[in-house]
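Worksheet: the structure to be examined is printed underneath.
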Amino acid sequence: MKSAIATALFVSACVSIVAAQESPLWLRYPAISPDGQTLLFEYKGDIWTVAAAGGNAVPLTLSESYEYAPVWSHDGNSVAFASDRYGSFDVFVMPATGGEAKRLTWHSAREVPSSFSADDKTVLFASARQDLATNAQFPTPGMTELYSVPIGGGRVSLVLTTPALDATVSSKGDKIIFHDYKGYESDWRKHHTSAVTRDI
């Protein structure tokens with residue numbers, strides 16, 4: 001439900017961008033703030049912010065690198081996102097009002113954030129780093145694991161050995177909702193039904 005509301009607000013808020021520019025395309029990865037007042041989205045490799053009620057969009061990041069997948073902290077003060085500033089995609093965190101971004105991960109594998117922990121002390125992210133030997137699966141880059149990293153930087157911890165895509169932590173911090181990945185399945189294929197169809 002929250003995703004549907006965020007998408008609807010995202011579409012309506014982007015009307016001002018469409019009016020100001022010549023048919024912008026690929027406004028992606030919408031994320032609504034915890035208070036429902038602000039939207040983040042990716043456009044042309046940067047993270048933008050706009051009021052949920054509409055208005056002028058303002059870039060939160062401006063660089064030659066590609067930034068995407070913005071995620072709000074539960075208190076609305078911080079934003080995590082993926083960026084390829086140093087080659088492969090790493091997790092970064094920055095103030096929601098703008099400012100300097102802090103790099104949190106340093107691995108050569110692609111790392112994409114999906115949620116903050118309930119206490120906002122860590123960021124959950126998906127990456128295909130090194131699966132446990134006891135959890136060997138069909139080898140494909142899509143078979144990621146779920147990790148967490150402190151927002152101040154530090155040691156990365158393994159949360160789940162199985163792919164937990166778009167993982168989101170409950171407000172109490174006792175549950176995680178995600179969709180799985182059992183084998184190759186195109187994100188763009190509609191009405192797919194097979195042994196690898198994703199479940200929640």
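Naming works like this for the structure tokens: A, B, ... for the chains as they're shown, residue 1 at the start of each chain, ligands 1 onward in shown order.
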
* **Contact residues around segment 98-106 of chain A with only C-alpha atoms at 6 Å, ignoring same-chain residues under 6 positions, as a list in words** =>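 Listed by chain and then number, they are Leu60, Asp90, Val91, Phe92 and Gly153 of chain A.
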
Would you save the residues from that selection as a short mmCIF file (atom, residue, chain, number, x, y, z; two decimals), in the first residue's frame, using C-alpha atoms?
```cif
data_model
loop_
_atom_site.label_atom_id
_atom_site.label_comp_id
_atom_site.auth_asym_id
_atom_site.auth_seq_id
_atom_site.Cartn_x
_atom_site.Cartn_y
_atom_site.Cartn_z
CA LEU A 60 20.49 16.24 -3.72
CA ASP A 90 29.01 1.23 -2.94
CA VAL A 91 26.61 2.37 -0.21
CA PHE A 92 26.76 6.03 0.82
CA GLY A 153 31.17 3.23 8.98
#
```

Report as an mmCIF file with C-alpha atoms, in the first residue's frame all protein, DNA and RNA residues lying within 9 Å of Ser108 of chain A, evaluated on only C-alpha atoms, omitting residues in the same chain fewer than 5 positions from it.
```cif
data_model
loop_
_atom_site.group_PDB
_atom_site.id
_atom_site.type_symbol
_atom_site.label_atom_id
_atom_site.label_comp_id
_atom_site.auth_asym_id
_atom_site.auth_seq_id
_atom_site.Cartn_x
_atom_site.Cartn_y
_atom_site.Cartn_z
ATOM 1 C CA GLY A 87 34.211 2.207 -9.724
ATOM 2 C CA SER A 88 31.734 -0.374 -8.481
ATOM 3 C CA PHE A 89 28.529 0.572 -6.658
ATOM 4 C CA ASP A 90 29.008 1.235 -2.942
ATOM 5 C CA ARG A 129 29.985 -10.737 -1.647
#
```

* Interatomic distance (Å, one decimal) between atom CA of Val123 of chain A and atom CA of Asn56 of chain A ->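 Spanning atom CA of Val123 of chain A to atom CA of Asn56 of chain A is a straight-line distance of 28.9 Å.
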
* To do: List every residue of segment 60-179 of chain A that DSSP, applied to the backbone of this structure, places in strand (DSSP E), and write the result as a PyMOL selection string.
  => chain A and resi 67-72+78-86+88-95+102-103+111-116+122-127+145-150+157-160+165-169+176-179

Counting only C-alpha atoms, what are the residues of segment 38-94 of chain A within 12 Å of segment 114-117 of chain A, and for each of them which pair of atoms is the nearest and at what distance in Å, to one decimal? Sort the table by chain and rising number, as CSV.
```
residue,atom,partner,partner_atom,distance
A:Tyr68,CA,A:Ser114,CA,11.1
A:Ala69,CA,A:Ser114,CA,7.6
A:Pro70,CA,A:Ser114,CA,8.1
A:Val71,CA,A:Ser115,CA,6.0
A:Trp72,CA,A:Phe116,CA,7.3
A:Ser73,CA,A:Phe116,CA,5.5
A:His74,CA,A:Phe116,CA,7.0
A:Asp75,CA,A:Phe116,CA,9.9
A:Gly76,CA,A:Phe116,CA,10.6
A:Asn77,CA,A:Phe116,CA,11.4
A:Ser78,CA,A:Phe116,CA,9.4
A:Val79,CA,A:Phe116,CA,9.1
A:Ala80,CA,A:Phe116,CA,8.2
A:Phe81,CA,A:Ser114,CA,8.5
A:Ala82,CA,A:Ser114,CA,9.7
A:Val91,CA,A:Ser114,CA,10.1
A:Phe92,CA,A:Ser114,CA,11.9
A:Val93,CA,A:Phe116,CA,10.5
```

Would you export the selected residues with N, CA and C atoms as a compact mmCIF listing (two decimals), in the first residue's frame, please?
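Saved file out01.txt follows:
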```txt
# COMPACT_ATOMS: atom_id res chain seq x y z
N TYR A 68 21.81 6.08 -7.37
CA TYR A 68 20.42 5.60 -7.47
C TYR A 68 20.02 4.87 -6.20
N ALA A 69 18.79 4.40 -6.16
CA ALA A 69 18.22 3.63 -5.05
C ALA A 69 18.27 4.38 -3.72
N PRO A 70 17.72 5.61 -3.66
CA PRO A 70 17.72 6.32 -2.38
C PRO A 70 16.79 5.67 -1.36
N VAL A 71 17.21 5.71 -0.10
CA VAL A 71 16.45 5.13 1.01
C VAL A 71 16.46 6.12 2.17
N TRP A 72 15.29 6.37 2.74
CA TRP A 72 15.18 7.28 3.90
C TRP A 72 15.48 6.55 5.20
N SER A 73 16.09 7.25 6.15
CA SER A 73 16.15 6.75 7.51
C SER A 73 14.77 6.92 8.13
N HIS A 74 14.46 6.18 9.19
CA HIS A 74 13.13 6.25 9.80
C HIS A 74 12.84 7.60 10.43
N ASP A 75 13.90 8.31 10.88
CA ASP A 75 13.68 9.64 11.46
C ASP A 75 13.67 10.74 10.41
N GLY A 76 13.91 10.38 9.15
CA GLY A 76 13.86 11.34 8.06
C GLY A 76 15.06 12.25 7.97
N ASN A 77 16.10 11.99 8.76
CA ASN A 77 17.26 12.87 8.78
C ASN A 77 18.37 12.48 7.81
N SER A 78 18.38 11.22 7.39
CA SER A 78 19.46 10.72 6.54
C SER A 78 18.92 9.99 5.32
N VAL A 79 19.77 9.92 4.31
CA VAL A 79 19.45 9.21 3.07
C VAL A 79 20.63 8.31 2.71
N ALA A 80 20.36 7.06 2.41
CA ALA A 80 21.38 6.15 1.90
C ALA A 80 21.11 5.94 0.41
N PHE A 81 22.15 5.70 -0.35
CA PHE A 81 22.01 5.45 -1.79
C PHE A 81 23.23 4.71 -2.30
N ALA A 82 23.12 4.19 -3.52
CA ALA A 82 24.23 3.50 -4.17
C ALA A 82 24.90 4.46 -5.14
N VAL A 91 27.67 1.71 -0.98
CA VAL A 91 26.61 2.37 -0.21
C VAL A 91 27.17 3.65 0.41
N PHE A 92 26.42 4.73 0.24
CA PHE A 92 26.76 6.03 0.82
C PHE A 92 25.60 6.51 1.68
N VAL A 93 25.89 7.39 2.63
CA VAL A 93 24.86 8.01 3.45
C VAL A 93 25.15 9.51 3.53
```

* Thr197 of chain A surroundings by only C-alpha atoms, 9 Å radius, close-in-sequence under 3 positions cut, as a list of chain:residue names -> A:Asp180, A:Tyr181, A:Lys182, A:Gly183, A:Glu185, A:His192, A:Thr193, A:Ser194

* If we count only C-alpha atoms, what is near Phe178 of chain A at a cut-off of 7 Å, once residues fewer than 3 positions away on the same chain are taken out, given as an MDAnalysis selection string? -> chainID A and resid 164:168 200

Write the residues of the preceding selection, restricted to C-alpha atoms, as a PDB file, in the first residue's frame.
```pdb
ATOM      1  CA  ALA A 164      16.333 -10.727   0.214  1.00  0.00           C
ATOM      2  CA  LEU A 165      15.627  -8.056  -2.383  1.00  0.00           C
ATOM      3  CA  ASP A 166      14.155  -4.672  -1.438  1.00  0.00           C
ATOM      4  CA  ALA A 167      14.336  -5.722   2.222  1.00  0.00           C
ATOM      5  CA  THR A 168      12.563  -3.329   4.601  1.00  0.00           C
ATOM      6  CA  ILE A 200       7.206 -12.139  -0.521  1.00  0.00           C
TER       7      ILE A 200
END
```

* Asked: Which polymer residues have any atom within 9 Å of an atom of Thr49 of chain A, counting only C-alpha atoms, with same-chain residues fewer than 2 positions away left out, as number ranges by chain?
  -> A: 38-42, 47, 51, 56-60

Would you put the residues from that selection into a file with N, CA and C atoms, as an mmCIF file, in the first residue's frame?
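Final file, result_25.cif:
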```cif
data_model
loop_
_atom_site.group_PDB
_atom_site.id
_atom_site.type_symbol
_atom_site.label_atom_id
_atom_site.label_comp_id
_atom_site.auth_asym_id
_atom_site.auth_seq_id
_atom_site.Cartn_x
_atom_site.Cartn_y
_atom_site.Cartn_z
ATOM 1 N N THR A 38 8.006 14.586 1.491
ATOM 2 C CA THR A 38 9.079 14.760 0.513
ATOM 3 C C THR A 38 9.343 13.464 -0.245
ATOM 4 N N LEU A 39 9.672 13.607 -1.514
ATOM 5 C CA LEU A 39 10.019 12.455 -2.346
ATOM 6 C C LEU A 39 11.466 12.564 -2.810
ATOM 7 N N LEU A 40 12.116 11.435 -2.868
ATOM 8 C CA LEU A 40 13.424 11.322 -3.502
ATOM 9 C C LEU A 40 13.249 10.475 -4.751
ATOM 10 N N PHE A 41 14.031 10.748 -5.775
ATOM 11 C CA PHE A 41 14.014 9.914 -6.970
ATOM 12 C C PHE A 41 15.333 10.089 -7.708
ATOM 13 N N GLU A 42 15.605 9.158 -8.612
ATOM 14 C CA GLU A 42 16.809 9.232 -9.434
ATOM 15 C C GLU A 42 16.457 9.745 -10.817
ATOM 16 N N ILE A 47 20.429 11.920 -7.466
ATOM 17 C CA ILE A 47 19.279 11.846 -6.569
ATOM 18 C C ILE A 47 18.661 13.235 -6.476
ATOM 19 N N ALA A 51 8.907 18.218 -3.157
ATOM 20 C CA ALA A 51 7.790 18.123 -2.218
ATOM 21 C C ALA A 51 6.753 17.154 -2.757
ATOM 22 N N ASN A 56 9.154 22.523 -7.522
ATOM 23 C CA ASN A 56 10.429 22.389 -8.209
ATOM 24 C C ASN A 56 11.278 21.301 -7.572
ATOM 25 N N ALA A 57 11.821 20.420 -8.399
ATOM 26 C CA ALA A 57 12.727 19.375 -7.925
ATOM 27 C C ALA A 57 14.129 19.958 -7.818
ATOM 28 N N VAL A 58 14.842 19.545 -6.773
ATOM 29 C CA VAL A 58 16.194 20.043 -6.513
ATOM 30 C C VAL A 58 17.136 18.856 -6.412
ATOM 31 N N PRO A 59 18.312 18.915 -7.051
ATOM 32 C CA PRO A 59 19.242 17.789 -6.941
ATOM 33 C C PRO A 59 19.848 17.698 -5.543
ATOM 34 N N LEU A 60 19.862 16.490 -4.999
ATOM 35 C CA LEU A 60 20.494 16.242 -3.716
ATOM 36 C C LEU A 60 21.959 15.864 -3.935
#
```

* Atomic distance atom CA of Gln37 of chain A - atom CA of Ala52 of chain A, expressed in Å with one decimal -> 5.2 Å

* What separation in Å, quoted to one decimal, exists between atom CA of Arg28 of chain A and atom CA of Pro113 of chain A? -> 15.1 Å

* Which of A:Glu111, A:Glu64, A:Asp199, A:Asp35 sits closest to Val149 of chain A [using only C-alpha atoms] ->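 Using only C-alpha atoms, Val149 of chain A sits closest to A:Glu111.
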
* Best match for closeness to Gly36 of chain A among A:Ala53, A:His107, A:Thr161, A:Pro150, counting only C-alpha atoms ->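 Closest candidate: A:Ala53.
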